[in-house]
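A.B. asks: Structure supplied as query-v9.txt; contents: compact mmCIF, C-alpha atoms.
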```
# COMPACT_ATOMS: atom_id res chain seq x y z
CA GLU A 1 14.58 -12.38 -7.98
CA ALA A 2 11.91 -10.84 -10.18
CA GLY A 3 9.48 -8.44 -8.58
CA VAL A 4 5.76 -8.13 -9.09
CA VAL A 5 4.99 -7.76 -12.78
CA GLN A 6 1.99 -5.86 -14.07
CA SER A 7 0.73 -5.17 -17.53
CA PRO A 8 -0.11 -3.02 -19.27
CA ARG A 9 1.63 -0.05 -17.68
CA TYR A 10 -0.74 2.44 -19.26
CA LYS A 11 -4.20 2.12 -20.72
CA ILE A 12 -6.50 4.70 -22.25
CA ILE A 13 -10.05 3.67 -23.04
CA GLU A 14 -13.38 5.29 -23.69
CA LYS A 15 -16.09 5.03 -21.09
CA LYS A 16 -18.30 1.96 -21.31
CA GLN A 17 -15.44 -0.08 -22.75
CA PRO A 18 -14.04 -3.11 -20.92
CA VAL A 19 -10.47 -3.25 -19.63
CA ALA A 20 -8.33 -5.90 -17.97
CA PHE A 21 -5.16 -5.76 -15.93
CA TRP A 22 -2.77 -8.62 -15.34
CA CYS A 23 -0.48 -9.31 -12.41
CA ASN A 24 2.23 -11.89 -11.82
CA PRO A 25 3.29 -11.95 -8.16
CA ILE A 26 6.66 -12.79 -6.71
CA SER A 27 7.30 -16.51 -6.89
CA GLY A 28 6.22 -18.27 -3.71
CA HIS A 29 4.00 -15.47 -2.48
CA ASN A 30 0.62 -16.90 -1.51
CA THR A 31 -1.19 -13.62 -0.94
CA LEU A 32 -2.08 -11.22 -3.73
CA TYR A 33 -3.72 -7.80 -3.48
CA TRP A 34 -5.30 -5.43 -5.93
CA TYR A 35 -5.41 -1.77 -4.94
CA ARG A 36 -6.70 1.38 -6.57
CA GLN A 37 -4.78 4.58 -6.01
CA ASN A 38 -6.34 7.90 -6.91
CA LEU A 39 -4.18 10.96 -7.39
CA GLY A 40 -2.92 12.29 -4.09
CA GLN A 41 -4.36 9.40 -2.11
CA GLY A 42 -3.13 6.22 -0.54
CA PRO A 43 -3.84 2.81 -2.03
CA GLU A 44 -7.33 1.45 -1.36
CA LEU A 45 -7.71 -2.30 -1.22
CA LEU A 46 -10.06 -3.78 -3.80
CA ILE A 47 -9.51 -7.48 -3.23
CA ARG A 48 -7.15 -9.80 -1.42
CA TYR A 49 -6.45 -13.42 -2.35
CA GLU A 50 -4.92 -16.11 -0.24
CA ASN A 51 -3.89 -18.68 -2.81
CA GLU A 52 -6.95 -19.07 -5.06
CA GLU A 53 -9.46 -17.80 -2.51
CA ALA A 54 -10.69 -14.23 -2.39
CA VAL A 55 -10.67 -13.62 1.36
CA ASP A 56 -11.55 -9.93 1.28
CA ASP A 57 -13.48 -8.41 -1.60
CA SER A 58 -15.64 -6.12 0.50
CA GLN A 59 -14.39 -3.00 -1.29
CA LEU A 60 -14.66 -4.38 -4.81
CA PRO A 61 -17.52 -2.74 -6.79
CA LYS A 62 -18.96 -6.01 -7.91
CA ASP A 63 -21.40 -4.56 -10.39
CA ARG A 64 -18.58 -3.71 -12.76
CA PHE A 65 -15.36 -5.12 -11.32
CA SER A 66 -14.32 -8.75 -11.29
CA ALA A 67 -11.12 -10.55 -10.48
CA GLU A 68 -9.72 -14.02 -10.66
CA ARG A 69 -6.61 -15.82 -9.54
CA LEU A 70 -6.50 -19.13 -11.28
CA LYS A 71 -4.09 -21.71 -9.87
CA GLY A 72 -3.14 -19.32 -7.11
CA VAL A 73 -0.49 -17.49 -9.12
CA ASP A 74 -1.34 -14.89 -11.77
CA SER A 75 -4.34 -12.67 -11.36
CA THR A 76 -6.54 -10.59 -13.62
CA LEU A 77 -8.68 -7.62 -12.63
CA LYS A 78 -11.42 -6.59 -15.04
CA ILE A 79 -13.68 -3.57 -15.31
CA GLN A 80 -16.77 -3.76 -17.50
CA PRO A 81 -18.02 -1.23 -18.37
CA ALA A 82 -15.50 1.42 -17.36
CA GLU A 83 -16.67 4.77 -16.04
CA LEU A 84 -14.90 8.11 -15.94
CA GLY A 85 -14.42 7.75 -12.18
CA ASP A 86 -12.40 4.58 -12.67
CA SER A 87 -9.42 6.60 -13.86
CA ALA A 88 -6.67 5.77 -11.36
CA VAL A 89 -3.56 3.69 -10.91
CA TYR A 90 -4.27 0.03 -10.25
CA LEU A 91 -1.63 -1.60 -8.11
CA CYS A 92 -0.94 -5.24 -7.56
CA ALA A 93 1.02 -6.43 -4.53
CA SER A 94 2.04 -9.79 -3.15
CA SER A 95 3.30 -11.15 0.13
CA PHE A 96 4.24 -14.42 1.75
CA ASP A 97 1.70 -14.45 4.52
CA PRO A 98 0.75 -18.04 5.37
CA GLY A 99 -1.08 -17.07 8.55
CA GLY A 100 -2.81 -14.06 7.06
CA GLU A 101 -1.23 -11.94 9.76
CA GLY A 102 -0.35 -8.86 7.83
CA TYR A 103 3.14 -9.18 6.44
CA GLU A 104 4.90 -6.63 4.29
CA GLN A 105 3.73 -6.33 0.73
CA TYR A 106 5.75 -5.99 -2.42
CA PHE A 107 4.19 -3.82 -5.07
CA GLY A 108 4.27 -3.81 -8.82
CA PRO A 109 4.69 -0.64 -10.89
CA GLY A 110 0.95 -0.29 -11.41
CA THR A 111 -1.30 0.29 -14.41
CA ARG A 112 -2.36 3.85 -15.01
CA LEU A 113 -5.89 3.80 -16.40
CA THR A 114 -7.40 6.81 -18.11
CA VAL A 115 -11.07 6.66 -19.03
CA THR A 116 -12.18 9.33 -21.51
CA ALA B 1 -13.06 1.47 12.92
CA GLN B 2 -9.47 1.49 11.82
CA LYS B 3 -7.96 4.66 10.47
CA VAL B 4 -4.55 6.07 9.59
CA THR B 5 -3.96 9.81 9.63
CA GLN B 6 -0.99 11.52 8.04
CA ALA B 7 -1.73 15.14 8.73
CA GLN B 8 1.27 16.50 6.86
CA THR B 9 0.35 16.65 3.19
CA GLU B 10 3.68 17.99 2.01
CA ILE B 11 6.99 18.83 3.66
CA SER B 12 9.94 20.61 2.10
CA VAL B 13 13.39 20.56 3.66
CA VAL B 14 16.86 21.48 2.57
CA GLU B 15 19.35 18.68 2.12
CA LYS B 16 21.02 17.51 5.34
CA GLU B 17 18.14 18.66 7.51
CA ASP B 18 16.37 16.12 9.72
CA VAL B 19 12.68 15.58 9.05
CA THR B 20 9.93 13.70 10.90
CA LEU B 21 6.84 12.34 9.21
CA ASP B 22 3.88 11.84 11.51
CA CYS B 23 1.47 8.93 11.57
CA VAL B 24 -1.46 8.53 13.93
CA TYR B 25 -3.63 5.43 13.83
CA GLU B 26 -6.90 4.20 15.28
CA THR B 27 -7.77 0.61 15.98
CA ARG B 28 -9.82 -1.36 18.50
CA ASP B 29 -7.69 -4.44 18.11
CA THR B 30 -4.87 -5.29 20.50
CA THR B 31 -2.91 -7.12 17.81
CA TYR B 32 -2.03 -5.08 14.79
CA TYR B 33 0.85 -4.19 12.51
CA LEU B 34 2.13 -0.85 11.35
CA PHE B 35 4.10 -0.20 8.19
CA TRP B 36 5.86 2.54 6.32
CA TYR B 37 6.19 2.51 2.55
CA LYS B 38 8.03 4.85 0.21
CA GLN B 39 6.65 5.78 -3.22
CA PRO B 40 9.34 7.50 -5.29
CA PRO B 41 8.49 9.41 -8.47
CA SER B 42 8.80 6.16 -10.42
CA GLY B 43 5.58 5.09 -8.70
CA GLU B 44 6.42 1.70 -7.20
CA LEU B 45 5.76 1.47 -3.46
CA VAL B 46 8.71 0.16 -1.50
CA PHE B 47 8.40 -1.48 1.90
CA LEU B 48 10.46 0.19 4.64
CA ILE B 49 9.42 -1.28 7.98
CA ARG B 50 6.86 -3.47 9.74
CA ARG B 51 6.20 -3.24 13.45
CA ASN B 52 3.83 -5.33 15.55
CA SER B 53 1.74 -3.87 18.34
CA PHE B 54 3.63 -5.69 21.07
CA ASP B 55 7.01 -4.27 20.16
CA GLU B 56 7.38 -0.65 21.14
CA GLN B 57 11.11 -0.55 20.74
CA ASN B 58 12.30 2.22 18.49
CA GLU B 59 14.18 1.11 15.42
CA ILE B 60 17.04 2.64 13.52
CA SER B 61 18.20 1.67 10.06
CA GLY B 62 20.93 3.89 8.73
CA ARG B 63 19.50 7.39 8.41
CA TYR B 64 15.98 6.15 9.08
CA SER B 65 14.41 5.76 12.50
CA TRP B 66 10.94 4.97 13.73
CA ASN B 67 9.28 5.92 17.00
CA PHE B 68 6.29 3.79 18.02
CA GLN B 69 4.23 5.06 20.95
CA LYS B 70 1.06 3.16 21.81
CA SER B 71 0.12 5.76 24.41
CA THR B 72 -0.39 8.32 21.66
CA SER B 73 -1.23 5.83 18.87
CA SER B 74 1.61 7.18 16.80
CA PHE B 75 4.25 5.63 14.60
CA ASN B 76 6.48 8.46 13.43
CA PHE B 77 9.29 8.23 10.91
CA THR B 78 12.43 10.36 11.04
CA ILE B 79 15.00 10.80 8.30
CA THR B 80 18.30 12.14 9.56
CA ALA B 81 20.51 14.21 7.26
CA SER B 82 18.01 14.08 4.43
CA GLN B 83 19.16 13.64 0.85
CA VAL B 84 17.59 14.54 -2.47
CA VAL B 85 17.01 10.83 -3.12
CA ASP B 86 14.67 10.77 -0.12
CA SER B 87 12.18 12.86 -2.10
CA ALA B 88 9.07 10.72 -2.39
CA VAL B 89 5.61 10.17 -0.99
CA TYR B 90 5.68 8.20 2.24
CA PHE B 91 2.72 6.14 3.37
CA CYS B 92 1.95 4.82 6.79
CA ALA B 93 -0.28 1.74 6.89
CA LEU B 94 -2.10 -0.38 9.45
CA SER B 95 -3.26 -3.97 9.34
CA GLU B 96 -5.51 -5.43 11.97
CA ALA B 97 -8.04 -8.20 12.30
CA SER B 98 -10.84 -6.75 14.39
CA THR B 99 -13.37 -7.89 11.76
CA GLY B 100 -12.02 -11.43 11.67
CA THR B 101 -9.76 -11.05 8.68
CA TYR B 102 -6.84 -8.72 8.30
CA LYS B 103 -7.68 -5.33 6.87
CA TYR B 104 -5.06 -3.09 5.39
CA ILE B 105 -5.50 0.67 5.61
CA PHE B 106 -3.12 3.19 4.12
CA GLY B 107 -2.86 6.82 5.09
CA THR B 108 -3.11 9.55 2.48
CA GLY B 109 0.65 9.97 2.38
CA THR B 110 3.13 12.75 3.03
CA ARG B 111 5.03 14.16 0.09
CA LEU B 112 8.61 14.93 1.08
CA LYS B 113 10.65 17.28 -1.05
CA VAL B 114 14.33 17.50 -0.26
CA LEU B 115 15.94 20.49 -1.92
CA ALA B 116 19.60 20.57 -2.87
```
Show the structure stored in the file as structure tokens.
C.D. replies:
Amino acid sequence: EAGVVQSPRYKIIEKKQPVAFWCNPISGHNTLYWYRQNLGQGPELLIRYENEEAVDDSQLPKDRFSAERLKGVDSTLKIQPAELGDSAVYLCASSFDPGGEGYEQYFGPGTRLTVT
Amino acid sequence: AQKVTQAQTEISVVEKEDVTLDCVYETRDTTYYLFWYKQPPSGELVFLIRRNSFDEQNEISGRYSWNFQKSTSSFNFTITASQVVDSAVYFCALSEASTGTYKYIFGTGTRLKVLA
């Protein structure tokens, strides 16, 4: 069974440029998460989807970050415009969590973003 | 507010030594879940264990064991007879729904170095 797929794996952009990350979760997983992981830190949740609905986006900086999960499968996370402080690894995870009770998550390899 | 503390930033052991990684959590909820994840140098977080708040039984899986103690709000992880392949960053995580929807909080991780 294929795991969580993310692309691109690496991205280098100049500040003020836009950038987008794509995630394809494990087939059948209804819940999808986007995390940001800074160097030496644990993942910080940006947004969580249950099917197509964003059920927790309280930590998403909505002035520059946006996300969508059309048809409840793939998801895209966008930053526009990027700032130097956005340099981090962006992780996507999925789980089968029909009751939203906190099941284990399966993570993709992440996208390492460098903003110069 | 929920919080996960992994006070050990980095631990180095020699192969075959036993090592315990500490995790202390804070939550006001009575129903919650605790997790451990492993992040090897390749970067992809791997799920190790999930434990709900009503199950305080210790668990053993091969060389891995987990000790959950609600009295001290701890969920410690022990690796017996460590191996070089155990070298990774290990994260403890908590999910709980005190705010009405499940929140996931990761600790800052403990980097384990197992020396040959």
A.B. asks: I'd like the neighbourhood of Gln41 of chain A as a list in words, where a residue qualifies if any of its atoms comes within 8 Å (using all atoms listed in the file), though same-chain residues fewer than 2 positions away should be ignored.
C.D. replies: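 Once the adjacent positions are removed, what remains is Gln37, Asn38, Leu39 and Pro43 of chain A; Gly107, Thr108 and Gly109 of chain B.
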A.B. asks: Kindly export the residues of the current selection with C-alpha atoms, as an mmCIF file, in the frame of the given file.
C.D. replies:
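For reference, out_21.cif as written:
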```
data_model
loop_
_atom_site.group_PDB
_atom_site.id
_atom_site.type_symbol
_atom_site.label_atom_id
_atom_site.label_comp_id
_atom_site.auth_asym_id
_atom_site.auth_seq_id
_atom_site.Cartn_x
_atom_site.Cartn_y
_atom_site.Cartn_z
ATOM 1 C CA GLN A 37 -4.780 4.580 -6.010
ATOM 2 C CA ASN A 38 -6.340 7.900 -6.910
ATOM 3 C CA LEU A 39 -4.180 10.960 -7.390
ATOM 4 C CA PRO A 43 -3.840 2.810 -2.030
ATOM 5 C CA GLY B 107 -2.860 6.820 5.090
ATOM 6 C CA THR B 108 -3.110 9.550 2.480
ATOM 7 C CA GLY B 109 0.650 9.970 2.380
#
```
A.B. asks: Would you list which chain A residues are within 6 Å of chain B using only C-alpha atoms, as a PyMOL selection string?
C.D. replies: chain A and resi 41-42+102+107+109
A.B. asks: Using C-alpha atoms, can you export the residues from the last selection as a short mmCIF file (atom, residue, chain, number, x, y, z; two decimals), in the coordinates of the input?
C.D. replies:
```cif
data_model
loop_
_atom_site.label_atom_id
_atom_site.label_comp_id
_atom_site.auth_asym_id
_atom_site.auth_seq_id
_atom_site.Cartn_x
_atom_site.Cartn_y
_atom_site.Cartn_z
CA GLN A 41 -4.36 9.40 -2.11
CA GLY A 42 -3.13 6.22 -0.54
CA GLY A 102 -0.35 -8.86 7.83
CA PHE A 107 4.19 -3.82 -5.07
CA PRO A 109 4.69 -0.64 -10.89
#
```
A.B. asks: Work out how far apart atom CA of Asn51 of chain A and atom CA of Asn24 of chain A are and give it in Å to one decimal.
C.D. replies: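 Between atom CA of Asn51 of chain A and atom CA of Asn24 of chain A the gap is 12.8 Å.
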A.B. asks: Expressed in Å to a single decimal, how great is the separation between atom CA of Lys15 of chain A and atom CA of Arg48 of chain A?
C.D. replies: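 So the answer is 26.2 Å.
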A.B. asks: Compile the contact shell of Leu21 of chain B as a list of chain:residue names: residues with an atom at most 8 Å away, counting all atoms listed in the file, same-chain residues fewer than 2 positions apart removed.
C.D. replies: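 Once the nearby chain positions are removed, what remains is B:Gln6, B:Gln8, B:Val19, B:Cys23, B:Asn76, B:Phe77, B:Thr78, B:Thr110.
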A.B. asks: When you draw a straight line from atom CA of Pro98 of chain A to atom CA of Glu59 of chain B, how long is it in Å?
C.D. replies: 25.5 Å
A.B. asks: Could you check the closest approach to Trp22 of chain A for each of A:Asp74, A:Asp86, A:Asp97, A:Asp63 and tell me which residue wins, using only C-alpha atoms?
C.D. replies: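 Looking only at the distances to Trp22 of chain A, the closest residue turns out to be A:Asp74.
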A.B. asks: Just give me the residues with any atom within 10 Å of (-7.7, -17.5, 0.8), file coordinates, counting all atoms listed in the file, written as a count of residues only.
C.D. replies: 15
A.B. asks: Using all atoms listed in the file, which of A:Ile47, A:Tyr10, A:Gly28, A:Glu83 sits nearest Arg69 of chain A?
C.D. replies: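 Checking each candidate against Arg69 of chain A, we get A:Ile47 as the closest.
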A.B. asks: Considering all atoms listed in the file, can you say which of A:Ala67, A:Ile12, A:Leu46, A:Ala82 comes closest to Arg112 of chain A?
C.D. replies: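 Nearest to Arg112 of chain A: A:Ile12.
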A.B. asks: Find, counting only C-alpha atoms, the residue in A:Gln105, A:Gln6, A:Gln80, A:Ser95 that gets nearest to Pro61 of chain A.
C.D. replies: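 Checking each candidate against Pro61 of chain A, we get A:Gln80 as the closest.
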A.B. asks: Within 10 Å of (11.9, 6.9, 18.4), in the coordinates the file gives, what residues turn up when you count all atoms listed in the file, written out as a list of chain:residue names?
C.D. replies: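 These residues have at least one counted atom within 10 Å: B:Glu56, B:Gln57, B:Asn58, B:Glu59, B:Ile60, B:Ser65, B:Trp66, B:Asn67, B:Phe68, B:Gln69, B:Phe75, B:Asn76, B:Phe77, B:Thr78.
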